[in-house]
Every structure is written in C-alpha cells, then in structure tokens.
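Let me begin by presenting the structure, written as structure tokens, before commenting on it.
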Amino acid sequence: MILHILRKDWKLLWRPFLAFAFIQVLPTLLHKGSEASNQLEFLIFPATVVAMIAIVLMVIAVVQQDALPGLTQDWLIRPIRRADLLAAKLLFVGIVQLTILAADTLQIFTRGFSFREALPGALAHNLYFGVILTLPAMCVAAVTETLVEAVIACAAVFLVGISIDVFAVFLHGGSEYLRRPSGTSGIDWMGNYAGQSILICTTFFVLWTQYSRRSTSVSRVITVSGVICFSLCLFLPWQLCFALQEKLSPQPAAAASVALDLTSLSIDKSPTVERSGAPLDATHLLLQFAATGMPEHSVLKNDRSAIRLITSQGEQIYTTEGGNWILKKDATTGNKDTIKQGFFVPAKIMQRLSGEPFRVEVSSSLTLLSRSGQYFIAAQNGALQNHNVGRCQTLSGRSGAAIILRCVRPGNGNSCIHTVLQNPLTGHQVDSLPGWCTPDYSPGLERASRDPLSSFGETFFFHDPLSGTTFPTDEANLLRSQISISTFEPTAHFHRVESLPVSAIF
Amino acid sequence: MAAGSAFALVGANGAGKTTTIKLLMNILQPDRGSATIFGVDSRRLSPRELAKIGYVSENQKLPSALTLNEYLAYLRPFYPTWDKDLERTVLKLFRLPADRKISQLSHGNRMKAALSCALCYHPQLLVLDEPFNGLDPLIRDEFMDGILRQADQMTVFISTHDLADIETFATDIAFLNEGQLLFQESMESLMGRFRSICITLDDDATPINAPPHWLNIRRSGSVVAFTHSRFKNDDLAEELAAMGVVYRHLDVESVNLRTVFTSSARAAVEMAQGDCK
C-alpha cells in the first residue's frame with residue numbers, strides 16, 4: 001500500500017513538484033545566464049533563498065496531504081496502516097531530496113567538474129539540507145493541519161531561534177556575534193552537530209508520536225523543546241568544546257615544540273584601530289608575543305584568547321577576549337616570529353591600573369595547521385584544476401591594477417589557504433597574508449556542506465599604499481609570474497597560558 | 001447496539017453526539033471510560049475493523065483535488081470487500097459527476113460522494129454523523145434511499161437532530177443531553193410510552209402536583225395538557241385517581257418523535273436549572 005499512497009500523493013502534487021524542481025535548478029540557470037550577462041547575477045542569491053523556501057513548502061505539502069492533527073480528515077477512518085502512510089511520506093520526501101541532489105549535481109557539473117567529482121559535494125549539501133530543512137519541515141508539517149498553520153509555526157520557530165540567539169549574544173557581551181562560546185572558529189562544528197542531532201531526534205520523536213498515537217499536543221511540546229534545545233547549542237562552553245577538540249587532534253605531538261612567549265604590553269596609538277563594539281572611551285592595548293618551535297610550512301591559528309588583568313593582590317579586575325591572529329611559518333620566515341594581539345580596556349579600568357603594578361594573563365586556544373598541498377597557477381589567464389583546490393583561474397582586474405584569483409570546488413573548501421603572487425626569477429612577491437582561513441575542525445571524510453560549491457578568491461594589488469611594496473607590471477614580469485596556492489589542514493589543537501608582570505603601562 | 005439495528009443518537013446541538021462518534025471511531029481519545037466496536041477497544045481499532053466500518057460526516061474532508069473516480073480508485077485496494085458493481089449502482093443512483101473534482105461538487109453531491117465511498121465495500125457498520133445538515137429534501141431522499149437499499153445488510157448508527165428523517169427508519173434510539181445519555185431504547189418502546197394527554201378538570205381550582213414523568217405541562221383554567229413519558233393504557237386513570245384528580249374529559253393522542261425529543265429536552269433543561277437552584 002506504500003506505493004499506492006505515494007501514487008495518490010504524486011497525482012495530487014505533481015504540478016507543485018514540477019515547480020519545485022524548476023526552482024531548484026533556477027540558481028544554476030541564473031549562474032549560466034550571468035556568464036553571458038552580469039545583470040542576472042544579483043538574482044542568484046534570492047533564487048537560492050527561494051529554492052530553500054520551496055523545499056520547506058514541498059515537504060509540508062507532502063506530509064499534509066494526509067494531515068495528522070484535526071478531526072475531519074477522511075484518511076482517519078480508512079483502513080490505512082499508519083506505518084504505510086509514514087513510509088509513503090518518507091518515500092516522497094526522499095524523491096524531494098533526490099531532486100535537490102540532482103539540481104546540486106547539475107550545478108557543480110555546469111561549473112566544469114565531472115560527475116564523479118560533483119557527487120560527493122552534492123551529497124554533502126544534500127545531507128546538510130536534509131537535516132536542517134527537510135526534517136524540521138516534516139516535523140512542523142506533522143503537528144499542523146494546513147499550510148497556513150505550518151507557515152505560522154515556521155515563523156514562530158524562526159522567531160524563537162532568533163530570540164535565543166540574540167539573548168546568547170547579549171549574554172556574551174552585547175553587540176558582537178564573535179563572542180559566542182563556539183562561534184567563528186573551526187570548533188563551531190560541535191554546536192552545529194549537537195544542534196543537528198537534536199533536530200534529527202526531535203523529528204524522529206514527533207513523527208513516531210504523531211503516526212503511532214496522533215498525540216498532537218505532546219508532539220508540539222516535543223517540537224518546541226527541540227527548537228529551544230537546538231538554540232541552546234549556541235551556549236556550549238568553549239573550554240569543554242576545546243578540550244574535546246584537543247583530544248581529537250590528528251597529530252597532537254606536532255605542537256609539542258611550539259612555544260609562545262608574552263614579551264610586552266603597550267598602548268596602541270594607531271589611528272586605524274577598528275572600534276566596532278568597543279566603548280568610545282576604551283583604550284586599545286597591544287600584547288606582543290614571540291612564537292618559536294613552529295614546524296616548517298605550517299600555520300598557527302589563535303582560535304580564541306581569554307585575557308585577564310590581575311592586580312598585585314591577586315584580584316582579577318578585568319577579563320576580555322583578544323583579537324584573533326594567524327601566523328605562517330615557511331622558509332622565508334626566521335625561527336622566531338612576532339605576533340601582536342589587541343584588546344580593549346574601558347577607561348575605568350585603565351584609571352585603576354595607572355601607576356599600579358599588575359599582571360596580564362593570556363590563555364590561548366591554538367591550532368597548528370600543516371601544509372597539505374602547494375600548487376602554482378600562471379598569474380595571467382592561468383587555469384588549474386585538482387581535487388584539493390578545485391578549479392582555479394586568474395584574470396586581470398578591470399582597472400589593470402590587480403590580478404584576481406578565483407577558485408571553486410564541490411563541497412566544503414580547504415581549512416586554510418595561503419596565496420602569494422610571485423616572480424620566482426626576480427623575487428618580487430605580493431603575499432596575501434593573513435590569507436583565507438575559515439577552518440572547520442570537524443572529523444569525517446566529507447563534511448555536511450551549506451552550499452554545493454565552495455569558493456575562495458584573492459585580489460593581488462600591484463601596489464600596496466600601506467606597506468609601499470610594488471609588484472612590477474611590465475609584460476615580461478607578469479608573463480613569468482605565478483600564484484602559489486598553499487593549502488593547510490589542522491594537525492594539532494592545543495592550549496597555552498602566558499603571563500606577564502607589568503609595572504606601568506604607557 | 002444490536003447487530004442489524006438502525007440506531008439513532010439524537011440530541012440538541014452541542015449535546016456530544018459528534019464527540020461520541022469521534023471517540024467510537026478513534027478520531028478522538030477518551031479522557032476516561034472506553035468504547036468498543038466489534039468487541040475491540042475503540043483506541044485499538046485496526047485497519048481490519050476499519051475495513052468493516054463506513055463513516056460519513058457532514059464536515060468530512062475528502063481530498064478535494066481528486067475526482068470522485070480517482071478517489072474511489074484510491075480507496076478500492078484498502079477494502080477487500082469492495083464491490084465494483086455496487087460502486088456503479090451507487091454512482092448511478094446518486095447521479096454523481098464522478099469525473100469532476102471533489103472540490104467542484106456541491107455540498108449535497110459531496111455528501112453523496114462521501115456516502116458512495118462508505119457503501120461500496122458492504123460495511124457491517126455504517127456510521128452517519130449529522131448527514132442531513134444542509135441537504136435539500138430531494139437529496140435527502142436520494143441519500144436515505146442509498147442507505148435503505150443496504151440497510152438490511154448492515155448496522156446503521158446515525159447521529160442527528162433531524163427527527164423526521166429517522167422516525168420511520170430507526171429501530172433504536174438514544175437521547176443525549178449535555179454529554180449525558182438520558183435514555184436508550186427501541187423506537188417501538190419509546191413511541192409506546194410517550195403520549196400527549198389533555199385533561200379537562202371538574203374544577204379549575206384543583207391543584208395538581210405533577211409527577212416528574214409528566215413533561216411540558218401547560219394549564220389554562222380547567223384544561224391541563226402535558227406529555228406523558230411513562231404511558232400505559234390501563235394505568236392512566238388509576239394514576240389520576242391516586243393523585244385525586246377529578247376530570248370531566250380525557251384525551252390521549254400519540255406523539256411524533258419531535259414531541260418526544262422536545263419534551264425530553266425541555267424536561268432535562270428544567271431539571272438542570274432546578275439542580276442549579
């Protein structure tokens with residue numbers, strides 16, 4: 001009877017389904033169209049959002065063909081096994097997921113990748129949408145009777161999520177999203193995975209409750225609880241998460257030789273300090289570290305720093321977070337590298353510190369990344385394709401003042417990429433430091449991906465007014481120039497605590 | 001309910017008729033108590049029992065985007081006893097446009113469509129929840145005709161406040177008032193014990209202390225009219241004599257179901273008000 005029910009649903013939904021399938025392909029069509037005319041490019045993002053909304057609406061429509069709440073549905077008094085009904089719905093939702101997979105595969109395929117290359121990225125994206133869109137949509141559809149009810153419930157769920165999110169932000173210092181316990185670092189996969197596990201469990205319990213007992217009030221309580229628990233995953237404590245991450249280090253011994261030495265603390269008098277979120281009267285202080293013992297061709301990334309100011313009596317008078325930094329070690333750098341890390345201190349604390357000795361303590365959560373590959377691409381009209389960086393090309397900036405590198409690959413991108421425009425013969429180079437580094441420390445072969453394709457790019461300006469460096473733009477030099485692309489993967493996560501006595505601050 | 005009977009559940013709006021049926025059909029779960037159908041607890045009705053039950057309700061939502069033909073084709077495999085010849089007969093009897101979408105059918109035709117979907121598999125029990133609401137007399141007749149053709153093969157359970165339609169049809173009747181079952185008996189017994197009585201007293205000043213089974217009492221001078229709910233032919237004179245009522249004239253008339261229903265309903269309301277006071 002499962003296929004019989006599925007056929008009935010198909011008969012009722014084939015027109016909306018065709019519209020849904022077209023919407024899934026629309027971003028790809030727009031992308032192809034934008035290659036010919038840039039005027040279509042601005043439509044790609046709205047089309048992607050519409051495609052996501054279409055997934056939710058399609059899944060809701062499938063489940064609500066035989067709505068579970070309510071007292072007037074005809075199927076309730078028919079000899080239909082509820083397990084068959086659920087299986088038929090899951091099968092249709094499977095078709096929805098397959099359609100998304102096909103659309104994603106097509107999108108990757110049209111960007112020049114083979115089917116074999118496209119499939120893992122499309123599957124990763126499919127898995128992600130399955131967990132964060134399809135399952136919650138099934139859950140909402142199972143506890144509502146009509147599309148209007150479901151849309152209102154989705155809006156309510158969204159509002160609850162946003163409210164908890166905003167609350168989390170205020171709880172962690174107010175204006176900055178950066179202050180989330182696990183956000184903006186490669187470690188936020190823990191919160192995401194925990195949240196997604198909660199979504200899976202919530203959907204499982206709701207579907208089981210609704211299809212076995214049709215207990216809508218219980219199911220609604222489970223749904224709301226699931227949403228709250230999902231949102232609470234933002235509150236996962238950093239220390240706990242990073243301790244677990246340390247245990248998951250692929251090569252913990254690789255970081256054993258790395259040492260940080262806190263050498264000085266000074267007031268940053270630079271006029272270019274970005275003060276977003278900091279009080280107007282706050283002072284920007286600079287910590288200086290010396291890093292030693294980094295292996296060749298590695299990157300040291302500061303995932304998070306907790307800074308504490310402690311008086312000579314041992315009283316902690318201020319605690320804050322330091323700015324993030326990234327340090328690259330290669331043949332051109334020496335054995336000792338210097339790192340500067342800034343943080344803001346309110347005027348009230350500065351007053352208290354003036355003329356009094358104190359101690360600054362920095363607790364850093366660090367990740368050492370090692371080079372996993374190095375590739376070269378000609379600086380002018382170059383092309384490169386491999387499994388690690390995907391498809392890359394170089395083109396001249398419109399004004400002729402820069403060279404642009406664009407890379408795209410199926411699924412998730414590399415954790416960290418460092419690029420250098422260089423002429424190996426003359427030694428001229430433009431370094432992209434700090435480079436592109438949005439790491440994901442999650443374990444697993446193919447990580448669930450927010451997008452079917454990931455991309456990164458870099459613009460190399462021939463003249464940097466800040467540093468005064470200039471890259472020769474004569475044709476002979478540009479012809480011999482190349483861009484070096486180095487990719488890095490995490491090898492060790494570790495923790496260092498440094499302390500510095502300060503007699504006075506200037 | 002006895003198998004093969006035509007059982008009518010009557011009561012005013014809000015009495016609990018639909019709730020009772022939804023509990024029986026496992027659409028609603030009871031807070032307490034239980035009900036059984038074919039010996040099975042209503043909370044555990046399985047497809048096996050449901051395949052023997054036909055159900056038609058005034059607010060039943062059929063899949064509106066399907067045609068009646070498509071919906072009948074969808075339902076067929078779920079019922080082992082589905083009779084295609086009967087399906088053709090019923091569609092012909094009801095003159096239903098079976099290739100039109102259900103959403104495009106009038107209310108009357110939708111009700112007939114729902115009945116068609118409930119009759120074609122020879123249900124052992126046909127449950128009808130307020131089936132006549134909003135139907136014009138012609139469609140009511142067609143509807144009843146459809147039921148009556150199979151009435152000898154099944155038990156019919158009908159909830160309604162439309163008494164004229166069930167008067168000639170129901171074999172048993174139950175009266176529900178605010179969730180309480182006031183009585184349940186065979187139609188024959190019920191119609192036998194209710195009479196409209198009109199007494200002309202000798203003296204218009206004679207006080208009458210009416211017993212509780214005298215319902216809907218009206219008095220105008222020496223004339224007292226009421227509905228007797230425990231009427232027995234030989235006992236009325238004795239009852240009046242025992243009460244000391246001396247009369248000049250006594251009229252006894254049969255009542256219709258409507259009178260039984262309204263008298264009982266009013267008495268129930270008065271009793272409830274008396275309890276409140």
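Scheme for the structure tokens: letters A, B, ... for chains in order shown; per-chain residue numbers from 1; ligand numbers from 1 in order shown.
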Test item: chain A residues at most 6 Å from chain B, counting only C-alpha atoms, as JSON, numbers by chain: {"A": [72, 73, 74, 79, 80]}
Spatial neighbours of Asn192 of chain A, 9 Å, only C-alpha atoms, chain gap at least 6 places, as a list in words: Phe230, Cys233 and Leu234 of chain A
Picked from segment 65-199 of chain B by DSSP as strand (DSSP E or B), as number ranges by chain: B: 67, 101, 125-129, 155-160, 172-177, 180-186, 195-199
Leaving out Val206 of chain A and any residue of its chain fewer than 4 positions from it, which residues lie within 12 Å of it when counting only C-alpha atoms, given as a compact mmCIF listing (two decimals) with N, CA and C atoms, in the first residue's frame?
# COMPACT_ATOMS: atom_id res chain seq x y z
N LEU A 68 -2.08 15.11 10.07
CA LEU A 68 -2.23 14.31 11.29
C LEU A 68 -3.08 14.98 12.36
N LEU A 86 3.33 6.68 6.80
CA LEU A 86 4.61 7.33 7.10
C LEU A 86 5.66 6.94 6.06
N LEU A 135 13.99 17.70 7.45
CA LEU A 135 13.48 17.07 8.68
C LEU A 135 12.67 18.05 9.52
N PRO A 136 13.17 19.28 9.78
CA PRO A 136 12.33 20.21 10.55
C PRO A 136 11.01 20.52 9.84
N ALA A 137 11.04 20.59 8.51
CA ALA A 137 9.78 20.85 7.78
C ALA A 137 8.80 19.70 7.98
N MET A 138 9.32 18.46 7.99
CA MET A 138 8.46 17.30 8.25
C MET A 138 7.85 17.38 9.64
N CYS A 139 8.69 17.80 10.57
CA CYS A 139 8.28 17.90 11.97
C CYS A 139 7.14 18.93 12.10
N VAL A 140 7.34 20.10 11.51
CA VAL A 140 6.33 21.16 11.59
C VAL A 140 5.05 20.70 10.88
N ALA A 141 5.22 20.07 9.73
CA ALA A 141 4.05 19.62 8.96
C ALA A 141 3.25 18.57 9.74
N ALA A 142 3.95 17.77 10.54
CA ALA A 142 3.27 16.70 11.28
C ALA A 142 2.45 17.23 12.45
N VAL A 143 2.75 18.45 12.89
CA VAL A 143 2.00 18.99 14.04
C VAL A 143 1.05 20.12 13.63
N THR A 144 0.92 20.33 12.33
CA THR A 144 -0.01 21.36 11.85
C THR A 144 -0.93 20.73 10.81
N ILE A 198 19.98 17.14 17.60
CA ILE A 198 18.71 17.44 18.28
C ILE A 198 17.57 17.50 17.26
N LEU A 199 17.84 18.11 16.10
CA LEU A 199 16.80 18.18 15.06
C LEU A 199 16.38 16.78 14.61
N ILE A 200 17.38 15.92 14.44
CA ILE A 200 17.08 14.55 13.99
C ILE A 200 16.24 13.83 15.05
N CYS A 201 16.67 13.94 16.31
CA CYS A 201 15.93 13.25 17.40
C CYS A 201 14.52 13.82 17.53
N THR A 202 14.40 15.17 17.47
CA THR A 202 13.09 15.80 17.61
C THR A 202 12.15 15.30 16.51
N GLN A 210 3.26 11.15 16.36
CA GLN A 210 2.10 11.51 15.54
C GLN A 210 1.56 10.32 14.75
N TYR A 211 2.46 9.55 14.16
CA TYR A 211 1.98 8.45 13.33
C TYR A 211 1.56 7.22 14.15
N SER A 212 2.05 7.12 15.39
CA SER A 212 1.61 5.97 16.17
C SER A 212 0.43 6.33 17.07
N ARG A 213 0.48 7.55 17.67
CA ARG A 213 -0.57 7.88 18.65
C ARG A 213 -1.40 9.09 18.26
N ARG A 214 -0.97 9.83 17.27
CA ARG A 214 -1.64 11.06 16.85
C ARG A 214 -1.90 11.97 18.06
N SER A 215 -0.85 12.16 18.85
CA SER A 215 -0.97 12.99 20.04
C SER A 215 -0.32 14.34 19.73
N THR A 216 -1.12 15.22 19.14
CA THR A 216 -0.56 16.47 18.60
C THR A 216 -0.03 17.38 19.69
N SER A 217 -0.74 17.45 20.83
CA SER A 217 -0.26 18.37 21.88
C SER A 217 1.10 17.91 22.41
N VAL A 218 1.26 16.60 22.58
CA VAL A 218 2.56 16.08 23.04
C VAL A 218 3.63 16.39 21.99
N SER A 219 3.27 16.18 20.73
CA SER A 219 4.24 16.40 19.65
C SER A 219 4.64 17.87 19.56
N ARG A 220 3.68 18.76 19.80
CA ARG A 220 4.01 20.18 19.74
C ARG A 220 4.98 20.56 20.87
N VAL A 221 4.75 19.95 22.04
CA VAL A 221 5.67 20.21 23.17
C VAL A 221 7.07 19.72 22.80
N ILE A 222 7.14 18.53 22.19
CA ILE A 222 8.44 17.98 21.77
C ILE A 222 9.10 18.94 20.76
N THR A 223 8.29 19.45 19.82
CA THR A 223 8.84 20.34 18.78
C THR A 223 9.42 21.60 19.41
N VAL A 224 8.64 22.23 20.29
CA VAL A 224 9.11 23.48 20.91
C VAL A 224 10.37 23.19 21.75
N SER A 225 10.35 22.07 22.48
CA SER A 225 11.53 21.71 23.29
C SER A 225 12.74 21.53 22.38
N GLY A 226 12.51 20.87 21.23
CA GLY A 226 13.60 20.65 20.29
C GLY A 226 14.19 21.95 19.79
Per-residue DSSP, segment 179-240 of chain A, filtered to helix (DSSP H, G or I), as an MDAnalysis selection string: chainID A and resid 179 186:213 216:235 238:240
Pick from B:Ala265, B:Leu68, B:Leu257, B:Ile199 nearest to Asp162 of chain B, counting only C-alpha atoms: B:Leu257
Surrounding residues of Asn209 of chain B excluding itself and chain neighbours under 6 positions, 12 Å, only C-alpha atoms, as a ChimeraX atom specification: /B:217,224,239-240,242-245
Same residues, N, CA and C atoms, saved as an mmCIF file, in the first residue's frame:
data_model
loop_
_atom_site.group_PDB
_atom_site.id
_atom_site.type_symbol
_atom_site.label_atom_id
_atom_site.label_comp_id
_atom_site.auth_asym_id
_atom_site.auth_seq_id
_atom_site.Cartn_x
_atom_site.Cartn_y
_atom_site.Cartn_z
ATOM 1 N N ILE B 217 -45.729 20.545 30.905
ATOM 2 C CA ILE B 217 -47.108 20.733 31.400
ATOM 3 C C ILE B 217 -47.577 22.169 31.099
ATOM 4 N N VAL B 224 -55.653 20.966 31.382
ATOM 5 C CA VAL B 224 -54.233 20.684 31.623
ATOM 6 C C VAL B 224 -53.728 19.770 30.498
ATOM 7 N N GLU B 239 -53.706 6.335 37.849
ATOM 8 C CA GLU B 239 -52.706 7.327 38.267
ATOM 9 C C GLU B 239 -53.386 8.653 38.640
ATOM 10 N N LEU B 240 -54.365 9.044 37.788
ATOM 11 C CA LEU B 240 -55.062 10.307 38.048
ATOM 12 C C LEU B 240 -55.894 10.200 39.328
ATOM 13 N N ALA B 242 -55.295 8.245 41.853
ATOM 14 C CA ALA B 242 -54.383 8.249 43.006
ATOM 15 C C ALA B 242 -53.934 9.655 43.357
ATOM 16 N N MET B 243 -53.879 10.513 42.341
ATOM 17 C CA MET B 243 -53.461 11.893 42.594
ATOM 18 C C MET B 243 -54.647 12.769 43.039
ATOM 19 N N GLY B 244 -55.853 12.166 43.028
ATOM 20 C CA GLY B 244 -57.035 12.913 43.444
ATOM 21 C C GLY B 244 -57.550 13.854 42.379
ATOM 22 N N VAL B 245 -57.173 13.558 41.147
ATOM 23 C CA VAL B 245 -57.612 14.424 40.047
ATOM 24 C C VAL B 245 -58.974 13.941 39.550
#
Among listed residues A:Leu353, A:Ile152, A:Val56, A:Leu453, nearest Gln107 of chain A (using only C-alpha atoms):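 Selected residue with least distance to Gln107 of chain A: A:Leu453.
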Surrounding residues of segment 476-487 of chain A excluding itself and chain neighbours under 6 positions, 9 Å, only C-alpha atoms, as a VMD selection string: chain A and resid 370 to 380 382 388 to 389 394 405 414 to 426 428 to 429
Spatial neighbours of Asp203 of chain B, 8 Å, only C-alpha atoms, chain gap at least 2 places, as a VMD selection string: chain B and resid 201 205 to 206 222 246 to 247
Filtering to N, CA, C and O atoms, could you give me those residues as an mmCIF file, in the first residue's frame?
data_model
loop_
_atom_site.group_PDB
_atom_site.id
_atom_site.type_symbol
_atom_site.label_atom_id
_atom_site.label_comp_id
_atom_site.auth_asym_id
_atom_site.auth_seq_id
_atom_site.Cartn_x
_atom_site.Cartn_y
_atom_site.Cartn_z
ATOM 1 N N LEU B 201 -60.511 19.389 33.749
ATOM 2 C CA LEU B 201 -60.804 19.125 35.167
ATOM 3 C C LEU B 201 -62.241 19.527 35.496
ATOM 4 O O LEU B 201 -62.830 20.404 34.842
ATOM 5 N N ALA B 205 -60.019 25.074 39.886
ATOM 6 C CA ALA B 205 -59.146 25.464 41.001
ATOM 7 C C ALA B 205 -58.391 24.274 41.587
ATOM 8 O O ALA B 205 -57.584 24.433 42.511
ATOM 9 N N THR B 206 -58.640 23.090 41.055
ATOM 10 C CA THR B 206 -57.980 21.893 41.591
ATOM 11 C C THR B 206 -56.464 21.982 41.392
ATOM 12 O O THR B 206 -55.997 22.133 40.254
ATOM 13 N N SER B 222 -59.305 25.105 33.496
ATOM 14 C CA SER B 222 -59.530 23.710 33.890
ATOM 15 C C SER B 222 -58.862 22.721 32.933
ATOM 16 O O SER B 222 -58.949 21.515 33.150
ATOM 17 N N VAL B 246 -59.924 14.858 39.588
ATOM 18 C CA VAL B 246 -61.262 14.530 39.092
ATOM 19 C C VAL B 246 -61.446 15.285 37.777
ATOM 20 O O VAL B 246 -61.229 16.491 37.718
ATOM 21 N N TYR B 247 -61.768 14.542 36.732
ATOM 22 C CA TYR B 247 -61.830 15.199 35.427
ATOM 23 C C TYR B 247 -63.138 14.907 34.735
ATOM 24 O O TYR B 247 -63.803 13.905 35.015
#
